[in-house]
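> Before anything else, here's the structure in question.
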Amino acid sequence: MNAINSAYALDIDTCSEQATKVRHSIQGNEPHVFTDIYSEEVNIAIWQRNLSSTLTGSVADFLTEKPRFKASMTVSPQSVLESISESLGTEMSELSENIAELVEMFCCLFELKRVGLRLTVVDSAMCPKFHVDNVPCRLITTFQGVGTEWLPHQVADREKLGRGSNGKSDSESGIYQNEKEIQQLNCGDVALLKGEHWEGNEQTGLVHRSPALGADERRLILTLDFSY
Ligand SMILES: [Fe+2]
């Protein structure tokens with residue numbers, strides 16, 4: 001085989017290897033479901049939880065009062081409660097404690113000293129098209145509003161990501177065959193989304209997007225990322 005043919009064969013091998021990689025989701029009612037993110041075949045781990053009515057009520061009041069709220073900070077498990085309480089105000093102690101707990105879990109799970117935290121109110125889809133994140137793993141949860149949408153690995157046509165969509169919308173690009181294949185997190189669910197920078201997860205990062213929002217609809221979203 002000449003050099004061109006062998007390079008071509010290598011390309012074919014790489015493509016077919018990506019196509020045959022198995023990835024799936026895992027969900028559970030307890031946070032220990034997060035440890036399954038270390039399984040090579042898992043690219044999203046979802047802790048399904050219900051928010052208390054007191055938390056939901058205080059978040060709704062907060063969004064009415066601060067409809068443009070945005071906070072971005074680097075925190076450690078030791079500093080998070082003080083930092084987030086300062087940002088949100090003392091009347092939001094239940095939300096602050098909830099967030100601090102998630103930061104502690106995320107740091108413990110990935111042996112991190114610090115995380116990048118973003119807590120944001122959005123009134124339009126931030127990332128409206130399906131995409132993958134160039135991070136090792138991101139935690140995402142929605143405290144108010146509809147949750148993130150995602151596609152199971154086996155139904156997503158990755159060649160239609162980014163420029164591969166040729167500027168077409170998700171419903172026209174062919175990234176999925178049937179709208180019923182689109183999955184959605186519930187408000188309160190906490191998900192770990194494995195990205196493209198997780199070793200061994202190249203070409204298999206979770207495909208996801210922000211959900212469309214109606215007029216006057218707002219979401220409060222928390223994301224946590226690795227910080228070194
Ligand atoms: Fe994303």
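By order of appearance in the structure tokens: chains A, B, ..., then residues from 1 within every chain, and ligands from 1 in the order shown.
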Need to verify the contact set: Ile175 of chain A, 6 Å, only C-alpha atoms, exclusion of same-chain residues closer than 5 positions in sequence. Can you return it as a ChimeraX atom specification?

/A:156-157,160

> Would you put the residues from that selection into a file with all heavy atoms, as a compact mmCIF listing (two decimals), in the first residue's frame?


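What follows is the written file selection-v6.txt:
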# COMPACT_ATOMS: atom_id res chain seq x y z
N ALA A 156 -27.27 11.17 17.00
CA ALA A 156 -26.72 12.46 16.55
C ALA A 156 -25.78 12.24 15.36
O ALA A 156 -24.85 11.44 15.44
CB ALA A 156 -25.97 13.14 17.69
N ASP A 157 -26.02 12.96 14.27
CA ASP A 157 -25.10 12.92 13.14
C ASP A 157 -24.09 14.04 13.32
O ASP A 157 -24.35 15.20 13.02
CB ASP A 157 -25.88 13.10 11.83
CG ASP A 157 -24.95 13.06 10.61
OD1 ASP A 157 -23.72 13.05 10.80
OD2 ASP A 157 -25.47 13.05 9.49
N LYS A 160 -23.01 17.01 11.10
CA LYS A 160 -23.88 18.18 10.93
C LYS A 160 -23.65 19.22 12.04
O LYS A 160 -24.38 20.20 12.12
CB LYS A 160 -25.35 17.75 10.93
CG LYS A 160 -25.69 16.71 9.87
CD LYS A 160 -25.51 17.28 8.47
CE LYS A 160 -26.07 16.43 7.35
NZ LYS A 160 -25.59 15.06 7.32

> Would you mind listing, for every residue of segment 107-187 of chain A within 10 Å of segment 94-99 of chain A, the two atoms forming the shortest contact and the distance between them in Å to one decimal, using only C-alpha atoms, sorted by chain and ascending residue number, as a tab-separated table?


residue	atom	partner	partner_atom	distance
A:Leu117	CA	A:Ile99	CA	9.5
A:Leu119	CA	A:Ile99	CA	9.5
A:Thr141	CA	A:Ile99	CA	9.8
A:Phe143	CA	A:Leu95	CA	8.8

> Around ligand 1, which protein and nucleic acid residues have at least one atom no more than 7 Å from it, if we count only C-alpha atoms and all ligand atoms? List them as a list in words.

Cys127, His131, Val132, Asp133, His208 and Arg209 of chain A

> Store the residues picked out above, limited to all heavy atoms, as a PDB file, in the first residue's frame.


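Full text of out_38.pdb as output:
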ATOM      1  N   CYS A 127     -27.172  29.203  23.561  1.00  0.00           N
ATOM      2  CA  CYS A 127     -26.540  28.369  22.518  1.00  0.00           C
ATOM      3  C   CYS A 127     -27.672  27.595  21.861  1.00  0.00           C
ATOM      4  O   CYS A 127     -27.933  26.436  22.212  1.00  0.00           O
ATOM      5  CB  CYS A 127     -25.531  27.410  23.128  1.00  0.00           C
ATOM      6  SG  CYS A 127     -24.343  28.216  24.214  1.00  0.00           S
ATOM      7  N   HIS A 131     -24.556  21.487  19.819  1.00  0.00           N
ATOM      8  CA  HIS A 131     -23.093  21.628  19.804  1.00  0.00           C
ATOM      9  C   HIS A 131     -22.493  20.709  20.859  1.00  0.00           C
ATOM     10  O   HIS A 131     -23.235  20.112  21.657  1.00  0.00           O
ATOM     11  CB  HIS A 131     -22.701  23.086  20.079  1.00  0.00           C
ATOM     12  CG  HIS A 131     -23.083  23.544  21.466  1.00  0.00           C
ATOM     13  ND1 HIS A 131     -24.375  23.907  21.795  1.00  0.00           N
ATOM     14  CD2 HIS A 131     -22.369  23.657  22.614  1.00  0.00           C
ATOM     15  CE1 HIS A 131     -24.427  24.236  23.067  1.00  0.00           C
ATOM     16  NE2 HIS A 131     -23.223  24.082  23.597  1.00  0.00           N
ATOM     17  N   VAL A 132     -21.175  20.642  20.867  1.00  0.00           N
ATOM     18  CA  VAL A 132     -20.474  19.938  21.940  1.00  0.00           C
ATOM     19  C   VAL A 132     -19.599  20.964  22.650  1.00  0.00           C
ATOM     20  O   VAL A 132     -19.245  21.985  22.064  1.00  0.00           O
ATOM     21  CB  VAL A 132     -19.599  18.784  21.400  1.00  0.00           C
ATOM     22  CG1 VAL A 132     -20.451  17.635  20.910  1.00  0.00           C
ATOM     23  CG2 VAL A 132     -18.656  19.257  20.308  1.00  0.00           C
ATOM     24  N   ASP A 133     -19.276  20.716  23.905  1.00  0.00           N
ATOM     25  CA  ASP A 133     -18.427  21.653  24.645  1.00  0.00           C
ATOM     26  C   ASP A 133     -16.979  21.173  24.619  1.00  0.00           C
ATOM     27  O   ASP A 133     -16.715  19.980  24.818  1.00  0.00           O
ATOM     28  CB  ASP A 133     -18.888  21.743  26.110  1.00  0.00           C
ATOM     29  CG  ASP A 133     -20.226  22.453  26.242  1.00  0.00           C
ATOM     30  OD1 ASP A 133     -20.578  23.243  25.355  1.00  0.00           O
ATOM     31  OD2 ASP A 133     -20.913  22.205  27.256  1.00  0.00           O
ATOM     32  N   HIS A 208     -25.687  18.915  22.723  1.00  0.00           N
ATOM     33  CA  HIS A 208     -26.755  19.564  23.504  1.00  0.00           C
ATOM     34  C   HIS A 208     -26.979  20.996  23.008  1.00  0.00           C
ATOM     35  O   HIS A 208     -26.188  21.521  22.227  1.00  0.00           O
ATOM     36  CB  HIS A 208     -26.374  19.566  24.996  1.00  0.00           C
ATOM     37  CG  HIS A 208     -25.118  20.348  25.267  1.00  0.00           C
ATOM     38  ND1 HIS A 208     -23.864  19.864  25.003  1.00  0.00           N
ATOM     39  CD2 HIS A 208     -24.934  21.601  25.749  1.00  0.00           C
ATOM     40  CE1 HIS A 208     -22.953  20.769  25.322  1.00  0.00           C
ATOM     41  NE2 HIS A 208     -23.584  21.838  25.764  1.00  0.00           N
ATOM     42  N   ARG A 209     -28.067  21.608  23.495  1.00  0.00           N
ATOM     43  CA  ARG A 209     -28.357  23.002  23.131  1.00  0.00           C
ATOM     44  C   ARG A 209     -29.255  23.626  24.200  1.00  0.00           C
ATOM     45  O   ARG A 209     -29.894  22.915  24.995  1.00  0.00           O
ATOM     46  CB  ARG A 209     -29.043  23.087  21.767  1.00  0.00           C
ATOM     47  CG  ARG A 209     -30.462  22.558  21.758  1.00  0.00           C
ATOM     48  CD  ARG A 209     -31.118  22.667  20.382  1.00  0.00           C
ATOM     49  NE  ARG A 209     -32.493  22.139  20.409  1.00  0.00           N
ATOM     50  CZ  ARG A 209     -33.250  21.977  19.345  1.00  0.00           C
ATOM     51  NH1 ARG A 209     -32.782  22.288  18.139  1.00  0.00           N
ATOM     52  NH2 ARG A 209     -34.482  21.501  19.449  1.00  0.00           N
TER      53      ARG A 209
END

> Quick one: contact table of segment 48-159 of chain A to segment 219-226 of chain A, 6 Å max, nearest atom pair and distance in Å to one decimal per residue, counting only C-alpha atoms, chain and number order, as CSV?


residue,atom,partner,partner_atom,distance
A:Val115,CA,A:Phe226,CA,5.1
A:Gly116,CA,A:Asp225,CA,5.0
A:Leu117,CA,A:Leu224,CA,4.8
A:Arg118,CA,A:Thr223,CA,5.3
A:Leu119,CA,A:Leu222,CA,4.5
A:Thr120,CA,A:Ile221,CA,5.4
A:Val121,CA,A:Leu220,CA,4.5
A:Val122,CA,A:Arg219,CA,5.3
A:Arg138,CA,A:Asp225,CA,5.2
A:Leu139,CA,A:Leu224,CA,5.0
A:Ile140,CA,A:Thr223,CA,4.6
A:Thr141,CA,A:Leu222,CA,5.4
A:Thr142,CA,A:Ile221,CA,4.5
A:Phe143,CA,A:Leu220,CA,5.3
A:Gln144,CA,A:Arg219,CA,5.0
A:Gly145,CA,A:Arg219,CA,4.5

> Pick out each residue of segment 3-228 of chain A that DSSP on the backbone tags as strand (DSSP E or B); I need them as a ChimeraX atom specification.

/A:24-28,42-47,70-75,114-122,131,137-144,149-151,183-184,190-194,207-209,219-227

> Using only C-alpha atoms, which of the listed residues (A:Ser171, A:Gln78, A:Gln203, A:Thr54) sits closest to Thr20 of chain A?

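Nearest candidate to Thr20 of chain A out of A:Ser171, A:Gln78, A:Gln203, A:Thr54: A:Gln203.
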
> Hey, can you check how far atom CA of Gly89 of chain A sits from atom CA of Glu104 of chain A?

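Interatomic distance, atom CA of Gly89 of chain A to atom CA of Glu104 of chain A: 20.4 Å.
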
> Quick one: residues within 12 Å of Val155 of chain A, only C-alpha atoms counted, chain neighbours fewer than 4 positions away excluded, as a list in words?

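In the requested format, the answer is Ala19, Val22, Arg23, His24, Trp150, Leu151, Glu159, Lys160, Gly174, Ile175, Tyr176, Gln177, Asn178, Glu179, Lys180, Glu181, Ile182, Gln183, Thr204, Leu206 and Val207 of chain A.
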
> With distances taken over only C-alpha atoms, which of A:Asn201, A:Gln48, A:Asn186, A:Ser165 is nearest to Gly28 of chain A?

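The answer is A:Gln48, which sits nearest to Gly28 of chain A.
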
> Would you mind reading off the distance between atom CA of Ser39 of chain A and atom CA of His153 of chain A, one decimal, in Å?

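Those two atoms sit 14.9 Å apart.
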
> Taking the backbone alone, and naming residues the way the document does, which bits of chain A are alpha helix (DSSP H) by DSSP, as a ChimeraX atom specification?

/A:3-20,53-65,80-88,93-110,170-173

> Pick out the residues sitting within 10 Å of Phe110 of chain A, and hand them over as a PyMOL selection string; count only C-alpha atoms, and ignore anything fewer than 4 positions along from it in its own chain.

chain A and resi 35+38+105-106+137+226

> Please measure the separation of atom CA of Ala125 of chain A and atom CA of Phe34 of chain A, giving the value in Å to one decimal.

26.4 Å

> Here is a test: counting only C-alpha atoms, which residue of A:Leu161, A:Ser173, A:Glu199, A:Val146 is nearest to Leu213 of chain A?

A:Val146
